[in-house]
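Pasting run.txt here (compact mmCIF, C-alpha atoms (C1' of nucleotides)):
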```txt
# COMPACT_ATOMS: atom_id res chain seq x y z
CA MET F 1 -10.43 -23.18 9.98
CA ALA F 2 -14.17 -23.74 9.78
CA LEU F 3 -16.09 -20.52 9.39
CA THR F 4 -19.53 -19.78 10.76
CA ALA F 5 -21.88 -17.38 9.01
CA LYS F 6 -20.69 -14.59 11.26
CA GLY F 7 -17.10 -15.47 10.54
CA ARG F 8 -17.61 -15.34 6.82
CA ALA F 9 -19.29 -11.96 7.12
CA THR F 10 -16.41 -10.55 9.11
CA ARG F 11 -13.86 -11.93 6.72
CA GLN F 12 -15.71 -10.37 3.84
CA ARG F 13 -15.99 -7.07 5.68
CA ILE F 14 -12.24 -7.03 6.10
CA ILE F 15 -11.62 -7.75 2.43
CA GLU F 16 -14.05 -5.16 1.16
CA GLY F 17 -12.95 -2.54 3.63
CA ALA F 18 -9.32 -3.12 2.76
CA ALA F 19 -10.16 -3.03 -0.94
CA ALA F 20 -11.92 0.30 -0.64
CA TYR F 21 -9.07 1.72 1.39
CA LEU F 22 -6.40 0.44 -0.97
CA ARG F 23 -8.31 1.88 -3.87
CA SER F 24 -8.11 5.38 -2.46
CA ASP F 25 -4.59 5.47 -1.11
CA ASP F 26 -1.04 4.62 -1.87
CA PRO F 27 -1.05 0.83 -1.53
CA ALA F 28 2.54 0.60 -0.40
CA GLY F 29 1.85 2.82 2.58
CA VAL F 30 -1.23 1.05 3.86
CA THR F 31 -0.76 -0.69 7.20
CA LEU F 32 -2.67 -3.45 8.90
CA ASP F 33 -3.56 -0.95 11.57
CA ASP F 34 -5.24 1.25 8.98
CA ILE F 35 -7.31 -1.67 7.79
CA ARG F 36 -8.10 -2.65 11.35
CA ALA F 37 -9.39 0.85 12.02
CA ILE F 38 -11.38 1.14 8.78
CA THR F 39 -13.08 -2.21 9.12
CA GLY F 40 -13.73 -1.88 12.83
CA THR F 41 -11.93 -5.08 13.67
CA SER F 42 -8.89 -6.07 15.68
CA LYS F 43 -5.47 -7.48 14.99
CA GLY F 44 -6.65 -10.77 16.38
CA GLN F 45 -9.38 -11.06 13.78
CA ILE F 46 -7.15 -10.16 10.87
CA PHE F 47 -4.70 -12.87 11.75
CA HIS F 48 -7.53 -15.23 12.59
CA TYR F 49 -8.96 -15.00 9.07
CA PHE F 50 -5.66 -14.49 7.28
CA PRO F 51 -3.09 -16.56 9.15
CA ASP F 52 -0.32 -15.61 6.74
CA GLY F 53 -0.92 -11.99 7.54
CA LYS F 54 -0.62 -9.09 5.20
CA GLU F 55 0.37 -11.08 2.17
CA GLU F 56 -2.62 -13.38 2.36
CA LEU F 57 -5.02 -10.53 2.99
CA PHE F 58 -3.68 -8.48 0.11
CA LEU F 59 -3.94 -11.45 -2.18
CA ALA F 60 -7.57 -11.93 -1.22
CA VAL F 61 -8.15 -8.25 -1.94
CA ALA F 62 -6.42 -8.62 -5.27
CA ARG F 63 -8.73 -11.47 -6.28
CA PHE F 64 -11.73 -9.49 -5.16
CA GLU F 65 -10.69 -6.44 -7.16
CA ALA F 66 -9.77 -8.43 -10.22
CA ASP F 67 -13.30 -9.77 -10.45
CA ARG F 68 -14.73 -6.29 -10.05
CA VAL F 69 -12.72 -4.96 -12.95
CA LEU F 70 -14.37 -7.25 -15.44
CA ASP F 71 -17.79 -7.17 -13.80
CA ASP F 72 -17.86 -3.41 -14.16
CA GLN F 73 -17.49 -3.74 -17.91
CA GLN F 74 -20.39 -6.09 -18.28
CA PRO F 75 -22.65 -6.63 -20.05
CA HIS F 76 -20.85 -4.67 -22.78
CA LEU F 77 -17.58 -6.60 -22.75
CA GLY F 78 -19.36 -9.92 -23.20
CA ALA F 79 -21.25 -8.97 -26.33
CA LEU F 80 -19.11 -6.92 -28.69
CA THR F 81 -21.23 -7.81 -31.70
CA SER F 82 -21.88 -4.45 -33.32
CA TRP F 83 -20.18 -1.09 -33.65
CA ALA F 84 -22.71 0.34 -31.24
CA ALA F 85 -21.74 -2.31 -28.70
CA TRP F 86 -18.07 -1.43 -29.09
CA ASP F 87 -18.87 2.20 -28.51
CA ARG F 88 -20.87 1.39 -25.41
CA TRP F 89 -18.02 -0.69 -24.10
CA ARG F 90 -15.57 2.09 -24.84
CA ASP F 91 -17.78 4.55 -23.01
CA SER F 92 -18.17 2.28 -20.01
CA VAL F 93 -14.41 1.86 -19.69
CA ILE F 94 -13.82 5.59 -19.98
CA ALA F 95 -16.60 6.35 -17.54
CA ARG F 96 -15.32 3.88 -15.01
CA TYR F 97 -11.81 5.19 -14.97
CA HIS F 98 -12.93 8.76 -15.23
CA ALA F 99 -14.98 8.30 -12.09
CA GLN F 100 -12.17 6.49 -10.38
CA GLY F 101 -9.65 9.16 -11.19
CA ARG F 102 -6.07 8.34 -10.46
CA ASN F 103 -6.90 5.59 -7.99
CA CYS F 104 -6.78 2.30 -9.78
CA PRO F 105 -7.42 -1.06 -8.13
CA LEU F 106 -5.32 -2.80 -10.70
CA GLY F 107 -2.51 -0.44 -9.93
CA ALA F 108 -2.58 -1.67 -6.39
CA LEU F 109 -2.32 -5.23 -7.66
CA MET F 110 0.46 -4.45 -10.06
CA SER F 111 2.65 -2.88 -7.45
CA GLN F 112 2.30 -6.04 -5.39
CA VAL F 113 3.38 -8.23 -8.26
CA GLY F 114 7.02 -7.81 -7.52
CA SER F 115 6.71 -8.81 -3.90
CA THR F 116 4.16 -11.60 -3.67
CA PRO F 117 4.30 -14.46 -6.15
CA GLY F 118 0.57 -15.19 -6.14
CA ALA F 119 -0.30 -11.68 -7.24
CA ALA F 120 1.38 -12.18 -10.59
CA GLU F 121 -0.93 -15.07 -11.27
CA VAL F 122 -4.02 -13.07 -10.32
CA VAL F 123 -3.06 -10.23 -12.65
CA SER F 124 -2.12 -12.63 -15.38
CA SER F 125 -5.46 -14.40 -15.15
CA LEU F 126 -7.37 -11.14 -15.19
CA LEU F 127 -5.52 -9.94 -18.27
CA ASN F 128 -6.14 -13.24 -20.03
CA ARG F 129 -9.86 -13.20 -19.42
CA TRP F 130 -10.05 -9.57 -20.48
CA GLN F 131 -8.16 -10.15 -23.68
CA PHE F 132 -10.21 -13.25 -24.41
CA HIS F 133 -13.44 -11.26 -24.41
CA VAL F 134 -12.00 -8.61 -26.71
CA ARG F 135 -10.69 -11.24 -29.06
CA GLU F 136 -14.06 -12.98 -29.15
CA GLY F 137 -15.64 -9.67 -29.99
CA ILE F 138 -13.29 -9.04 -32.88
CA GLU F 139 -13.82 -12.53 -34.25
CA GLU F 140 -17.57 -12.19 -34.07
CA MET F 141 -17.33 -8.92 -35.96
CA GLN F 142 -15.27 -10.67 -38.58
CA GLU F 143 -17.80 -13.47 -38.92
CA ALA F 144 -20.49 -10.87 -39.36
CA GLY F 145 -18.41 -9.29 -42.10
CA LEU F 146 -18.03 -6.04 -40.20
CA VAL F 147 -14.28 -6.30 -39.73
CA ARG F 148 -11.75 -7.10 -42.41
CA PRO F 149 -10.78 -10.81 -42.25
CA GLY F 150 -7.11 -9.91 -42.58
CA VAL F 151 -7.04 -8.50 -39.07
CA ASP F 152 -5.21 -10.70 -36.57
CA ALA F 153 -7.79 -10.80 -33.80
CA GLY F 154 -5.43 -12.09 -31.14
CA ARG F 155 -2.82 -9.46 -31.88
CA VAL F 156 -5.23 -6.56 -31.93
CA ALA F 157 -6.86 -7.81 -28.75
CA ALA F 158 -3.43 -7.79 -27.14
CA ALA F 159 -2.94 -4.24 -28.38
CA PHE F 160 -6.24 -3.27 -26.76
CA ILE F 161 -5.15 -4.66 -23.43
CA ALA F 162 -1.82 -2.88 -23.66
CA GLY F 163 -3.49 0.36 -24.70
CA ILE F 164 -5.97 0.25 -21.86
CA GLN F 165 -3.35 -0.63 -19.27
CA GLY F 166 -1.08 2.12 -20.50
CA GLY F 167 -3.91 4.60 -20.68
CA VAL F 168 -4.85 3.87 -17.11
CA GLN F 169 -1.26 4.14 -16.03
CA VAL F 170 -0.92 7.53 -17.66
CA LEU F 171 -4.15 8.52 -15.96
CA ARG F 172 -2.66 7.53 -12.63
CA SER F 173 0.54 9.44 -13.28
CA THR F 174 -0.72 12.60 -14.86
CA GLY F 175 -4.41 12.69 -14.08
CA SER F 176 -5.30 12.97 -17.75
CA ILE F 177 -7.66 10.50 -19.37
CA ASP F 178 -6.69 11.54 -22.90
CA HIS F 179 -4.35 8.65 -23.48
CA LEU F 180 -6.92 6.07 -22.53
CA GLU F 181 -9.41 7.63 -24.91
CA ALA F 182 -6.82 7.92 -27.66
CA ALA F 183 -5.82 4.29 -27.33
CA LEU F 184 -9.37 2.99 -27.43
CA ASP F 185 -10.48 5.26 -30.25
CA THR F 186 -7.44 4.61 -32.39
CA LEU F 187 -7.75 0.86 -32.07
CA ILE F 188 -11.47 0.87 -32.75
CA ASP F 189 -10.73 3.07 -35.76
CA HIS F 190 -8.24 0.49 -36.85
CA LEU F 191 -10.89 -2.23 -36.72
CA ARG F 192 -13.28 -0.07 -38.71
CA SER F 193 -10.83 0.72 -41.49
CA MET C 1 26.56 23.00 -0.25
CA ALA C 2 29.52 23.58 -2.53
CA LEU C 3 30.72 20.42 -4.20
CA THR C 4 34.29 19.63 -5.11
CA ALA C 5 35.17 17.31 -7.98
CA LYS C 6 35.37 14.42 -5.56
CA GLY C 7 32.04 15.32 -4.08
CA ARG C 8 30.33 15.41 -7.42
CA ALA C 9 31.79 12.04 -8.30
CA THR C 10 30.51 10.49 -5.08
CA ARG C 11 27.10 12.00 -5.53
CA GLN C 12 26.92 10.59 -9.03
CA ARG C 13 28.12 7.21 -7.82
CA ILE C 14 25.28 7.12 -5.35
CA ILE C 15 22.70 8.02 -7.97
CA GLU C 16 23.90 5.53 -10.52
CA GLY C 17 24.36 2.75 -8.00
CA ALA C 18 20.91 3.36 -6.62
CA ALA C 19 19.47 3.47 -10.12
CA ALA C 20 21.03 0.14 -11.05
CA TYR C 21 19.80 -1.41 -7.83
CA LEU C 22 16.29 -0.04 -8.17
CA ARG C 23 16.18 -1.34 -11.71
CA SER C 24 16.78 -4.89 -10.60
CA ASP C 25 14.66 -5.09 -7.49
CA ASP C 26 11.32 -4.27 -6.05
CA PRO C 27 11.58 -0.50 -5.62
CA ALA C 28 9.29 -0.36 -2.63
CA GLY C 29 11.51 -2.72 -0.68
CA VAL C 30 14.79 -0.96 -1.28
CA THR C 31 16.34 0.61 1.81
CA LEU C 32 18.92 3.31 2.26
CA ASP C 33 21.11 0.68 3.83
CA ASP C 34 20.98 -1.36 0.63
CA ILE C 35 22.06 1.63 -1.38
CA ARG C 36 24.75 2.44 1.13
CA ALA C 37 26.13 -1.08 0.78
CA ILE C 38 25.90 -1.19 -3.02
CA THR C 39 27.57 2.14 -3.55
CA GLY C 40 30.20 1.64 -0.88
CA THR C 41 29.25 4.75 1.00
CA SER C 42 27.90 5.60 4.42
CA LYS C 43 24.74 7.03 5.85
CA GLY C 44 26.59 10.25 6.47
CA GLN C 45 27.37 10.69 2.81
CA ILE C 46 23.87 9.95 1.63
CA PHE C 47 22.42 12.61 3.88
CA HIS C 48 25.28 14.92 3.07
CA TYR C 49 24.45 14.88 -0.64
CA PHE C 50 20.71 14.44 -0.27
CA PRO C 51 19.70 16.39 2.83
CA ASP C 52 16.04 15.53 2.38
CA GLY C 53 16.90 11.88 2.53
CA LYS C 54 15.25 9.09 0.66
CA GLU C 55 12.76 11.23 -1.19
CA GLU C 56 15.38 13.55 -2.63
CA LEU C 57 17.66 10.70 -3.61
CA PHE C 58 14.86 8.78 -5.31
CA LEU C 59 13.83 11.87 -7.18
CA ALA C 60 17.37 12.33 -8.45
CA VAL C 61 17.37 8.70 -9.55
CA ALA C 62 14.04 9.23 -11.27
CA ARG C 63 15.40 12.13 -13.27
CA PHE C 64 18.48 10.16 -14.18
CA GLU C 65 16.42 7.20 -15.36
CA ALA C 66 13.94 9.32 -17.24
CA ASP C 67 16.72 10.71 -19.39
CA ARG C 68 18.06 7.25 -20.06
CA VAL C 69 14.71 6.03 -21.34
CA LEU C 70 14.67 8.47 -24.23
CA ASP C 71 18.41 8.35 -24.86
CA ASP C 72 18.20 4.61 -25.39
CA GLN C 73 15.73 5.12 -28.22
CA GLN C 74 17.95 7.53 -30.06
CA PRO C 75 18.78 8.17 -32.79
CA HIS C 76 15.70 6.33 -34.07
CA LEU C 77 13.09 8.20 -32.08
CA GLY C 78 14.32 11.56 -33.30
CA ALA C 79 14.05 10.77 -37.00
CA LEU C 80 10.91 8.83 -37.78
CA THR C 81 10.93 9.90 -41.42
CA SER C 82 10.47 6.61 -43.29
CA TRP C 83 8.84 3.24 -42.73
CA ALA C 84 12.26 1.73 -42.29
CA ALA C 85 12.98 4.24 -39.53
CA TRP C 86 9.75 3.34 -37.79
CA ASP C 87 10.68 -0.32 -37.93
CA ARG C 88 14.10 0.39 -36.50
CA TRP C 89 12.57 2.37 -33.71
CA ARG C 90 10.07 -0.41 -33.03
CA ASP C 91 12.90 -2.92 -32.92
CA SER C 92 14.99 -0.79 -30.60
CA VAL C 93 12.11 -0.44 -28.16
CA ILE C 94 11.39 -4.16 -28.22
CA ALA C 95 15.07 -4.99 -27.87
CA ARG C 96 15.52 -2.64 -24.97
CA TYR C 97 12.64 -4.02 -22.98
CA HIS C 98 13.37 -7.55 -23.99
CA ALA C 99 16.85 -7.20 -22.58
CA GLN C 100 15.56 -5.51 -19.49
CA GLY C 101 13.00 -8.20 -18.83
CA ARG C 102 10.49 -7.44 -16.12
CA ASN C 103 12.65 -4.82 -14.46
CA CYS C 104 11.57 -1.44 -15.68
CA PRO C 105 13.10 1.83 -14.55
CA LEU C 106 9.91 3.65 -15.37
CA GLY C 107 8.02 1.21 -13.22
CA ALA C 108 10.13 2.29 -10.31
CA LEU C 109 9.26 5.90 -11.03
CA MET C 110 5.59 5.21 -11.45
CA SER C 111 5.25 3.49 -8.12
CA GLN C 112 6.77 6.54 -6.48
CA VAL C 113 4.27 8.86 -8.10
CA GLY C 114 1.69 8.36 -5.45
CA SER C 115 4.01 9.21 -2.61
CA THR C 116 6.30 12.00 -3.76
CA PRO C 117 4.83 14.98 -5.58
CA GLY C 118 7.92 15.74 -7.67
CA ALA C 119 7.93 12.29 -9.23
CA ALA C 120 4.64 12.95 -10.98
CA GLU C 121 6.20 15.89 -12.74
CA VAL C 122 9.23 13.87 -13.82
CA VAL C 123 7.07 11.14 -15.31
CA SER C 124 4.77 13.67 -16.88
CA SER C 125 7.66 15.46 -18.53
CA LEU C 126 9.14 12.23 -19.83
CA LEU C 127 5.84 11.16 -21.32
CA ASN C 128 5.38 14.54 -22.95
CA ARG C 129 8.77 14.53 -24.60
CA TRP C 130 8.26 10.95 -25.74
CA GLN C 131 4.88 11.65 -27.24
CA PHE C 132 6.19 14.80 -28.88
CA HIS C 133 8.79 12.87 -30.84
CA VAL C 134 6.25 10.32 -32.01
CA ARG C 135 3.86 13.03 -33.05
CA GLU C 136 6.60 14.82 -34.98
CA GLY C 137 7.35 11.56 -36.73
CA ILE C 138 3.75 11.05 -37.76
CA GLU C 139 3.46 14.61 -39.02
CA GLU C 140 6.62 14.31 -41.05
CA MET C 141 5.30 11.14 -42.61
CA GLN C 142 2.13 12.97 -43.48
CA GLU C 143 4.04 15.82 -45.07
CA ALA C 144 5.96 13.27 -47.11
CA GLY C 145 2.66 11.81 -48.24
CA LEU C 146 3.38 8.45 -46.61
CA VAL C 147 0.60 8.66 -44.06
CA ARG C 148 -3.00 9.55 -44.75
CA PRO C 149 -3.64 13.23 -43.89
CA GLY C 150 -6.86 12.30 -42.10
CA VAL C 151 -4.92 10.70 -39.25
CA ASP C 152 -4.96 12.75 -36.05
CA ALA C 153 -1.24 12.77 -35.28
CA GLY C 154 -1.64 13.90 -31.68
CA ARG C 155 -4.22 11.28 -30.92
CA VAL C 156 -2.32 8.41 -32.49
CA ALA C 157 0.87 9.53 -30.75
CA ALA C 158 -1.01 9.38 -27.46
CA ALA C 159 -2.19 5.89 -28.36
CA PHE C 160 1.43 4.91 -28.98
CA ILE C 161 2.47 6.13 -25.57
CA ALA C 162 -0.40 4.31 -23.94
CA GLY C 163 0.31 1.14 -25.89
CA ILE C 164 3.97 1.16 -25.00
CA GLN C 165 3.33 1.88 -21.33
CA GLY C 166 0.74 -0.84 -21.17
CA GLY C 167 2.92 -3.27 -23.05
CA VAL C 168 5.76 -2.70 -20.64
CA GLN C 169 3.44 -3.07 -17.71
CA VAL C 170 2.17 -6.39 -19.00
CA LEU C 171 5.76 -7.41 -19.52
CA ARG C 172 6.47 -6.60 -15.91
CA SER C 173 3.45 -8.52 -14.69
CA THR C 174 3.54 -11.60 -16.85
CA GLY C 175 7.01 -11.66 -18.34
CA SER C 176 5.61 -11.75 -21.87
CA ILE C 177 6.65 -9.17 -24.42
CA ASP C 178 3.80 -10.06 -26.79
CA HIS C 179 1.61 -7.17 -25.77
CA LEU C 180 4.29 -4.60 -26.36
CA GLU C 181 4.93 -6.02 -29.81
CA ALA C 182 1.23 -6.23 -30.58
CA ALA C 183 0.65 -2.63 -29.57
CA LEU C 184 3.51 -1.27 -31.63
CA ASP C 185 2.76 -3.39 -34.66
CA THR C 186 -0.94 -2.69 -34.63
CA LEU C 187 -0.46 1.03 -34.37
CA ILE C 188 2.18 1.12 -37.08
CA ASP C 189 -0.17 -0.96 -39.21
CA HIS C 190 -2.79 1.64 -38.54
CA LEU C 191 -0.52 4.37 -39.86
CA ARG C 192 0.27 2.34 -42.93
CA SER C 193 -3.33 1.63 -43.88
C1' DA K 1 52.14 25.52 8.08
C1' DC K 2 47.69 26.45 9.03
C1' DC K 3 42.88 26.76 8.75
C1' DA K 4 38.39 26.28 7.11
C1' DC K 5 35.36 23.57 5.06
C1' DA K 6 34.08 19.49 2.19
C1' DG K 7 34.02 14.56 2.59
C1' DT K 8 33.57 10.12 5.25
C1' DG K 9 32.35 6.53 8.67
C1' DG K 10 29.49 4.57 11.69
C1' DA K 11 27.27 4.43 16.28
C1' DC K 12 22.96 5.62 17.86
C1' DC K 13 18.01 6.88 18.35
C1' DC K 14 13.17 6.32 17.78
C1' DG K 15 8.89 5.54 15.72
C1' DG K 16 6.15 2.49 13.14
C1' DC K 17 4.54 -1.77 11.64
C1' DG K 18 3.99 -6.80 11.11
C1' DG K 19 3.21 -10.30 13.95
C1' DT K 20 2.30 -12.96 18.63
C1' DC K 21 -0.38 -14.21 22.55
C1' DC K 22 -3.85 -14.90 25.54
C1' DA K 23 -8.05 -14.01 27.93
C1' DG K 24 -12.74 -13.47 27.58
C1' DA K 25 -17.40 -13.27 24.83
C1' DA K 26 -20.41 -15.60 21.62
C1' DA K 27 -22.17 -19.39 19.53
C1' DA K 28 -22.54 -24.00 17.86
C1' DT K 29 -22.98 -28.97 19.17
C1' DC K 30 -24.43 -32.52 22.11
C1' DG D 1 -26.57 -26.43 30.35
C1' DA D 2 -22.10 -28.09 29.61
C1' DT D 3 -18.42 -28.29 26.68
C1' DT D 4 -16.01 -27.38 22.79
C1' DT D 5 -15.01 -24.40 19.11
C1' DT D 6 -15.08 -20.06 16.91
C1' DC D 7 -14.84 -15.10 17.33
C1' DT D 8 -13.12 -10.77 19.25
C1' DG D 9 -10.21 -7.31 21.60
C1' DG D 10 -6.09 -5.41 22.63
C1' DA D 11 -1.70 -5.45 25.14
C1' DC D 12 2.73 -6.55 23.92
C1' DC D 13 7.16 -7.68 21.37
C1' DG D 14 11.05 -7.26 18.20
C1' DC D 15 12.86 -5.76 14.20
C1' DC D 16 13.81 -2.88 10.71
C1' DG D 17 14.57 1.38 8.47
C1' DG D 18 14.87 6.46 8.05
C1' DG D 19 17.14 9.98 10.06
C1' DT D 20 20.55 12.32 13.51
C1' DC D 21 25.03 13.33 15.33
C1' DC D 22 29.56 13.81 15.89
C1' DA D 23 34.27 12.68 15.48
C1' DC D 24 37.73 11.98 12.13
C1' DT D 25 40.06 12.49 7.62
C1' DG D 26 41.22 14.62 3.40
C1' DT D 27 42.00 18.72 0.53
C1' DG D 28 42.45 23.10 -1.33
C1' DG D 29 43.56 27.97 -0.50
C1' DT D 30 46.76 31.60 1.39
```

Hey, can you dump this file as structure tokens for me?
Amino acid sequence: MALTAKGRATRQRIIEGAAAYLRSDDPAGVTLDDIRAITGTSKGQIFHYFPDGKEELFLAVARFEADRVLDDQQPHLGALTSWAAWDRWRDSVIARYHAQGRNCPLGALMSQVGSTPGAAEVVSSLLNRWQFHVREGIEEMQEAGLVRPGVDAGRVAAAFIAGIQGGVQVLRSTGSIDHLEAALDTLIDHLRS
Amino acid sequence: MALTAKGRATRQRIIEGAAAYLRSDDPAGVTLDDIRAITGTSKGQIFHYFPDGKEELFLAVARFEADRVLDDQQPHLGALTSWAAWDRWRDSVIARYHAQGRNCPLGALMSQVGSTPGAAEVVSSLLNRWQFHVREGIEEMQEAGLVRPGVDAGRVAAAFIAGIQGGVQVLRSTGSIDHLEAALDTLIDHLRS
DNA sequence: ACCACAGTGGACCCGGCGGTCCAGAAAATC
DNA sequence: GATTTTCTGGACCGCCGGGTCCACTGTGGT
């Protein structure tokens, strides 16, 4: 399948349209017809660009969204070298999810994990990269003498990832962002102590 | 709808069978026909006991599972009055989810949240009760002088809930229980410091 | 013994959704 | 400008799954 410039544009339009739609609705209930309508395309095009149908399209959306998640935290996430930087990162995460409300792109991915095998790998990769950045940040703080050397950077980074994921999940379920804030603040406190 | 003893038994059989099945499979893909087959019943019975169909049945399952989640952590969760008790609780949570692997009853509930309104309330209530017990534990430890009074019990309890939820979610996505352990250990460490 | 109502089984209906197919428009290649 | 390839539109199909219906079988009360 060789794509022309026009073809690539259409394919991208489908992915981004589907992503936006999945972000704002129950992923399980989204149909190809919805996406067709939203993106102003036709069934023919969807299956032209994604021969394996829904699964392939959703996987492409998952990859697209996974990249967005980390991009939205930059440049803060990439340079956690001072307490002020940590606070800025914290604020950016809170702000992002606060704005997004209960509609989480990652949630859409997660719920696909069970069904499609490739999705698990996308989520896994995202989580790894995320945790890596946090761990780097902790280690840099340790080198700068700002965090106690006894702290296990890998372990605390893992706790951050868990706390954020859980906080977002609670946000999705209850609409309250308190848990996300509590998790971030408590763990940053822990680093400071 | 007056239920005889037999009726109640059948109704319960449906709920428990459905719960077990939902626990071990992708919730979104489970059909009434699956449940009918598993529980050895018929369509007629399902709609006899759950007139509103799938939604009502799933809600009943959700309530059933929500109770189980807390019951499985007892008696530890109800008496977090010493460091040893906290460790036992930690171990029981890890053991439970380790045994359960990537199949999480709460996950099934969560993915229903978007669709059915009642599910949100069930999850919300579960999370509240859970967090309440943890908070009580922290406060008791403070009263006993084992935890620094400066710790905000409510906030740290919220962080625990977030950490556990996130840890379980990572477990579901990647199959690794490391994040759950890291979250619990880091937060308990935080209390100890 | 009878009757009323709970319990049970399963055939059936119908709408929705993923997926197929093909014909025609646009565009690249020569 | 002819031909080949890509792109687009939409009619159509088949299956699957939730829900309905009704006939039949217990079962408990009087």

message: When you look at region 23-29 of chain K with a cut-off of 9 Å (counting only C-alpha atoms (C1' of nucleotides)), what residues show up, excluding the ones that are within fewer than 5 positions of it in the same chain? I need them as a ChimeraX atom specification.
response: /F:4 /D:3-9

Residue among F:Thr10, F:Gln100, F:Gln142, F:Gln131 lying closest to Ala162 (chain F), counting only C-alpha atoms: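 Smallest separation from Ala162 (chain F) among the options: F:Gln131.
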
field: Neighbours of chain F in chain K at 8 Å, counting only C-alpha atoms (C1' of nucleotides), as a list of chain:residue names
entry: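 Here they are: K:DC17, K:DG18, K:DG19.
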
statement: As a check of understanding: the span from CA of Ser24 (chain C) to CA of Gln165 (chain C) is 18.5 Å

field: d(CA of Val170 (chain C), CA of Ile164 (chain F)) in Å
entry: 10.9 Å

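Rounded to one decimal, CA of Leu57 (chain F) and CA of Pro27 (chain F) lie 12.9 Å from each other.
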
query: Using all atoms listed in the file, what residues lie at most 10 Å away from (-8.2, 2.8, -32.3) (file coordinates), given as a list in words?
result: Val156, Ala159, Phe160, Gly163, Glu181, Ala182, Ala183, Leu184, Asp185, Thr186, Leu187, Ile188, Asp189, His190, Leu191, Arg192 and Ser193 of chain F; Arg155, Val156, Ala159, Thr186, Leu187 and His190 of chain C

Export C-alpha atoms of the chosen residues as a short mmCIF file (atom, residue, chain, number, x, y, z; two decimals), in the frame of the given file?
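Contents of selection01.cif, freshly written:
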```cif
data_model
loop_
_atom_site.label_atom_id
_atom_site.label_comp_id
_atom_site.auth_asym_id
_atom_site.auth_seq_id
_atom_site.Cartn_x
_atom_site.Cartn_y
_atom_site.Cartn_z
CA VAL F 156 -5.23 -6.56 -31.93
CA ALA F 159 -2.94 -4.24 -28.38
CA PHE F 160 -6.24 -3.27 -26.76
CA GLY F 163 -3.49 0.36 -24.70
CA GLU F 181 -9.41 7.63 -24.91
CA ALA F 182 -6.82 7.92 -27.66
CA ALA F 183 -5.82 4.29 -27.33
CA LEU F 184 -9.37 2.99 -27.43
CA ASP F 185 -10.48 5.26 -30.25
CA THR F 186 -7.44 4.61 -32.39
CA LEU F 187 -7.75 0.86 -32.07
CA ILE F 188 -11.47 0.87 -32.75
CA ASP F 189 -10.73 3.07 -35.76
CA HIS F 190 -8.24 0.49 -36.85
CA LEU F 191 -10.89 -2.23 -36.72
CA ARG F 192 -13.28 -0.07 -38.71
CA SER F 193 -10.83 0.72 -41.49
CA ARG C 155 -4.22 11.28 -30.92
CA VAL C 156 -2.32 8.41 -32.49
CA ALA C 159 -2.19 5.89 -28.36
CA THR C 186 -0.94 -2.69 -34.63
CA LEU C 187 -0.46 1.03 -34.37
CA HIS C 190 -2.79 1.64 -38.54
#
```
